[in-house]
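*Asks:* Dropping the structure in here first, questions after.
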Amino acid sequence: MLQLIQTDWGQFDLASDDQVDADAAAATLVYAALFTDAEAPETRAARYDRRGWYADPTAGSGLWHVRRQALNSNARREALAMVRTALTQRAPGLTEVDVQEVPADALAGNISRVSLAVSGFHNGRKFIVRIPL
């Protein structure tokens with residue numbers, strides 16, 4: 001069973017009772033950290049199109065504004081750096097996080113998509129999550 005627990009003022013984590021739920025809890029934290037929109041810098045978006053959560057504009061990641069540019073090697077590197085930063089700074093329940101890009105040949109030749117393998121520990125239990133960006 002998954003439980004939402006408060007770890008600090010305004011910060012939450014998921015706790016679980018068994019290994020199956022531990023993998024789901026880690027995946028939920030990874031998705032929440034990556035797909036919550038952080039506010040874009042003024043240089044990246046118009047004043048009223050910067051997104052972000054009003055209570056904490058830095059929460060989440062900036063993947064949404066990286067998606068607005070052409071998918072080239074610079075965009076891939078920027079996305080990977082954002083993912084690493086979001087997971088280490090925004091998901092305190094995750095430790096020893098390793099982010100690797102899944103090679104395009106493993107995606108049946110789809111070179112216009114970026115997929116990641118994220119591994120590490122959540123509450124002392126090993127997890128591996130594959131995520132399409």
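Letters A, B, ... go to the chains of the structure tokens in the order shown; residues in each chain start at 1; ligands are counted from 1 in the same order.
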Fewer than 2 positions away in the same chain doesn't count, so skip those; otherwise give me all residues within 9 Å of A:Glu96, counting only C-alpha atoms, as a PyMOL selection string.

*Replies:* chain A and resi 88+94+98+119-121

*Asks:* Counting only C-alpha atoms, what is within 7 Å of A:Gly60, bar same-chain residues fewer than 5 positions away, as a ChimeraX atom specification?

*Replies:* /A:33-38,86,90

*Asks:* Show which residues sit within 12 Å of A:Ala70, as a list of chain:residue names. Count only C-alpha atoms, and ignore same-chain residues fewer than 6 positions away.

*Replies:* A:Arg76, A:Glu78, A:Ala79, A:Ser112, A:Arg113

*Asks:* Take the residues from that selection and put them in a file with C-alpha atoms, as a compact mmCIF listing (two decimals), in the first residue's frame.

*Replies:*
# COMPACT_ATOMS: atom_id res chain seq x y z
CA ARG A 76 19.36 16.08 -25.49
CA GLU A 78 20.18 19.93 -21.71
CA ALA A 79 17.26 17.55 -21.06
CA SER A 112 13.03 11.62 -32.66
CA ARG A 113 12.33 10.42 -29.14

*Asks:* Write out as a PyMOL selection string all residues of stretch 55-102 of chain A that backbone DSSP assigns to alpha helix (DSSP H).

*Replies:* chain A and resi 63-66+73-90

*Asks:* Let me make sure I understand: among A:Gly93, A:Ala27, A:Ser73, A:Leu63, which one has the smallest atom-to-atom distance to A:Ile5 if we use only C-alpha atoms?

*Replies:*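 Ranking A:Gly93, A:Ala27, A:Ser73, A:Leu63 by distance to A:Ile5, first place goes to A:Gly93.
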
*Asks:* For each of A:Val102, A:Val129, A:Ala117, A:Met82, take the minimum atom-to-atom distance to A:Arg67, counting only C-alpha atoms, then give the residue where this is smallest.

*Replies:*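 That would be A:Met82, the residue with the smallest distance to A:Arg67.
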
*Asks:* Check the smallest atom-to-atom distance from each of A:Leu4, A:Ala26, A:Leu80, A:Leu71 to A:Asn123 using only C-alpha atoms, then report the winner.

*Replies:*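 Using only C-alpha atoms, the shortest distance to A:Asn123 belongs to A:Ala26.
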
*Asks:* Restricting the calculation to only C-alpha atoms, which member of A:Glu39, A:Tyr48, A:Leu133, A:Ala55 is positioned closest to A:Val83?

*Replies:*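 Of the candidates, the smallest distance to A:Val83 is held by A:Leu133.
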
*Asks:* Restricting the calculation to only C-alpha atoms, which member of A:Val66, A:Leu87, A:Ala75, A:Val97 is positioned closest to A:Phe127?

*Replies:*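 So, comparing all the options, the nearest one is A:Val97.
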
*Asks:* By how many Å are atom CA of A:His122 and atom CA of A:Thr95 apart?

*Replies:*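 Atom-to-atom, atom CA of A:His122 and atom CA of A:Thr95 are spaced 6.5 Å apart.
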
*Asks:* Between A:Trp64, A:Val118, A:Ile131, A:Leu29, which one has atoms that come closest to A:Arg51, using only C-alpha atoms?

*Replies:*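 The shortest atom-to-atom distance to A:Arg51 comes from A:Trp64.
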
*Asks:* Can you measure atom CA of A:Phe12 to atom CA of A:Trp53 for me? One decimal in Å is fine.

*Replies:* 15.5 Å

*Asks:* Residues within 9 Å of A:His65, please, as number ranges by chain. Count only C-alpha atoms; anything in the same chain fewer than 2 positions from it doesn't count.

*Replies:* A: 37, 40, 44-45, 50, 62-63, 67-69

*Asks:* Could you write out that same residue set with all heavy atoms as a PDB file, in the first residue's frame?

*Replies:*
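File out05.pdb, as written:
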ATOM      1  N   ASP A  37       5.989  21.280 -13.972  1.00  0.00           N
ATOM      2  CA  ASP A  37       6.646  22.368 -14.700  1.00  0.00           C
ATOM      3  C   ASP A  37       7.280  23.385 -13.762  1.00  0.00           C
ATOM      4  O   ASP A  37       6.593  24.008 -12.955  1.00  0.00           O
ATOM      5  CB  ASP A  37       5.651  23.097 -15.603  1.00  0.00           C
ATOM      6  CG  ASP A  37       5.139  22.216 -16.711  1.00  0.00           C
ATOM      7  OD1 ASP A  37       5.768  21.184 -16.990  1.00  0.00           O
ATOM      8  OD2 ASP A  37       4.099  22.558 -17.298  1.00  0.00           O
ATOM      9  N   ALA A  40      10.226  28.817 -16.238  1.00  0.00           N
ATOM     10  CA  ALA A  40      11.313  29.016 -17.196  1.00  0.00           C
ATOM     11  C   ALA A  40      11.995  30.348 -16.933  1.00  0.00           C
ATOM     12  O   ALA A  40      11.356  31.314 -16.510  1.00  0.00           O
ATOM     13  CB  ALA A  40      10.764  29.001 -18.618  1.00  0.00           C
ATOM     14  N   ARG A  44      14.037  32.300 -21.697  1.00  0.00           N
ATOM     15  CA  ARG A  44      13.520  31.141 -22.407  1.00  0.00           C
ATOM     16  C   ARG A  44      12.043  31.241 -22.769  1.00  0.00           C
ATOM     17  O   ARG A  44      11.557  30.479 -23.591  1.00  0.00           O
ATOM     18  CB  ARG A  44      13.708  29.870 -21.566  1.00  0.00           C
ATOM     19  CG  ARG A  44      15.119  29.480 -21.265  1.00  0.00           C
ATOM     20  CD  ARG A  44      15.911  29.083 -22.494  1.00  0.00           C
ATOM     21  NE  ARG A  44      15.416  27.953 -23.196  1.00  0.00           N
ATOM     22  CZ  ARG A  44      15.885  26.727 -23.086  1.00  0.00           C
ATOM     23  NH1 ARG A  44      16.866  26.466 -22.283  1.00  0.00           N
ATOM     24  NH2 ARG A  44      15.386  25.754 -23.806  1.00  0.00           N
ATOM     25  N   ALA A  45      11.294  32.109 -22.105  1.00  0.00           N
ATOM     26  CA  ALA A  45       9.850  32.168 -22.359  1.00  0.00           C
ATOM     27  C   ALA A  45       9.343  33.584 -22.130  1.00  0.00           C
ATOM     28  O   ALA A  45       9.947  34.371 -21.406  1.00  0.00           O
ATOM     29  CB  ALA A  45       9.123  31.191 -21.436  1.00  0.00           C
ATOM     30  N   ARG A  50       5.642  31.529 -18.638  1.00  0.00           N
ATOM     31  CA  ARG A  50       6.799  30.929 -17.968  1.00  0.00           C
ATOM     32  C   ARG A  50       6.418  29.729 -17.123  1.00  0.00           C
ATOM     33  O   ARG A  50       7.282  29.030 -16.623  1.00  0.00           O
ATOM     34  CB  ARG A  50       7.507  31.983 -17.122  1.00  0.00           C
ATOM     35  CG  ARG A  50       8.154  33.042 -18.008  1.00  0.00           C
ATOM     36  CD  ARG A  50       8.829  34.116 -17.247  1.00  0.00           C
ATOM     37  NE  ARG A  50       9.828  33.563 -16.347  1.00  0.00           N
ATOM     38  CZ  ARG A  50      10.312  34.217 -15.303  1.00  0.00           C
ATOM     39  NH1 ARG A  50       9.880  35.424 -15.029  1.00  0.00           N
ATOM     40  NH2 ARG A  50      11.204  33.681 -14.537  1.00  0.00           N
ATOM     41  N   GLY A  62      12.384  21.815 -16.032  1.00  0.00           N
ATOM     42  CA  GLY A  62      12.112  22.686 -17.172  1.00  0.00           C
ATOM     43  C   GLY A  62      12.027  21.924 -18.478  1.00  0.00           C
ATOM     44  O   GLY A  62      12.216  22.507 -19.543  1.00  0.00           O
ATOM     45  N   LEU A  63      11.701  20.637 -18.403  1.00  0.00           N
ATOM     46  CA  LEU A  63      11.620  19.841 -19.633  1.00  0.00           C
ATOM     47  C   LEU A  63      10.603  20.404 -20.610  1.00  0.00           C
ATOM     48  O   LEU A  63      10.774  20.294 -21.815  1.00  0.00           O
ATOM     49  CB  LEU A  63      11.270  18.390 -19.304  1.00  0.00           C
ATOM     50  CG  LEU A  63      12.368  17.588 -18.637  1.00  0.00           C
ATOM     51  CD1 LEU A  63      11.849  16.211 -18.240  1.00  0.00           C
ATOM     52  CD2 LEU A  63      13.570  17.450 -19.549  1.00  0.00           C
ATOM     53  N   ARG A  67      11.371  21.014 -24.699  1.00  0.00           N
ATOM     54  CA  ARG A  67      10.598  20.384 -25.776  1.00  0.00           C
ATOM     55  C   ARG A  67      10.219  21.373 -26.871  1.00  0.00           C
ATOM     56  O   ARG A  67       9.842  20.967 -27.966  1.00  0.00           O
ATOM     57  CB  ARG A  67       9.315  19.771 -25.212  1.00  0.00           C
ATOM     58  CG  ARG A  67       9.548  18.539 -24.422  1.00  0.00           C
ATOM     59  CD  ARG A  67       8.212  17.925 -24.044  1.00  0.00           C
ATOM     60  NE  ARG A  67       8.404  16.836 -23.147  1.00  0.00           N
ATOM     61  CZ  ARG A  67       7.732  16.662 -22.024  1.00  0.00           C
ATOM     62  NH1 ARG A  67       6.807  17.522 -21.677  1.00  0.00           N
ATOM     63  NH2 ARG A  67       7.965  15.635 -21.262  1.00  0.00           N
ATOM     64  N   ARG A  68      10.283  22.642 -26.586  1.00  0.00           N
ATOM     65  CA  ARG A  68       9.896  23.656 -27.577  1.00  0.00           C
ATOM     66  C   ARG A  68      11.007  23.944 -28.580  1.00  0.00           C
ATOM     67  O   ARG A  68      10.831  24.768 -29.457  1.00  0.00           O
ATOM     68  CB  ARG A  68       9.508  24.947 -26.878  1.00  0.00           C
ATOM     69  CG  ARG A  68       8.243  24.812 -26.077  1.00  0.00           C
ATOM     70  CD  ARG A  68       7.892  26.104 -25.429  1.00  0.00           C
ATOM     71  NE  ARG A  68       6.569  26.016 -24.842  1.00  0.00           N
ATOM     72  CZ  ARG A  68       5.883  27.048 -24.419  1.00  0.00           C
ATOM     73  NH1 ARG A  68       6.380  28.270 -24.513  1.00  0.00           N
ATOM     74  NH2 ARG A  68       4.702  26.895 -23.890  1.00  0.00           N
ATOM     75  N   GLN A  69      12.145  23.305 -28.435  1.00  0.00           N
ATOM     76  CA  GLN A  69      13.236  23.523 -29.382  1.00  0.00           C
ATOM     77  C   GLN A  69      13.470  22.253 -30.198  1.00  0.00           C
ATOM     78  O   GLN A  69      12.949  21.198 -29.878  1.00  0.00           O
ATOM     79  CB  GLN A  69      14.510  23.935 -28.641  1.00  0.00           C
ATOM     80  CG  GLN A  69      15.049  22.912 -27.674  1.00  0.00           C
ATOM     81  CD  GLN A  69      16.148  23.486 -26.787  1.00  0.00           C
ATOM     82  OE1 GLN A  69      16.299  24.686 -26.679  1.00  0.00           O
ATOM     83  NE2 GLN A  69      16.903  22.628 -26.172  1.00  0.00           N
TER      84      GLN A  69
END

*Asks:* Based on DSSP run over this structure's backbone, return all residues of chain A in strand (DSSP E or B), as a ChimeraX atom specification.

*Replies:* /A:2-8,11-16,37,53,56,61,94-101,115-122,125-132
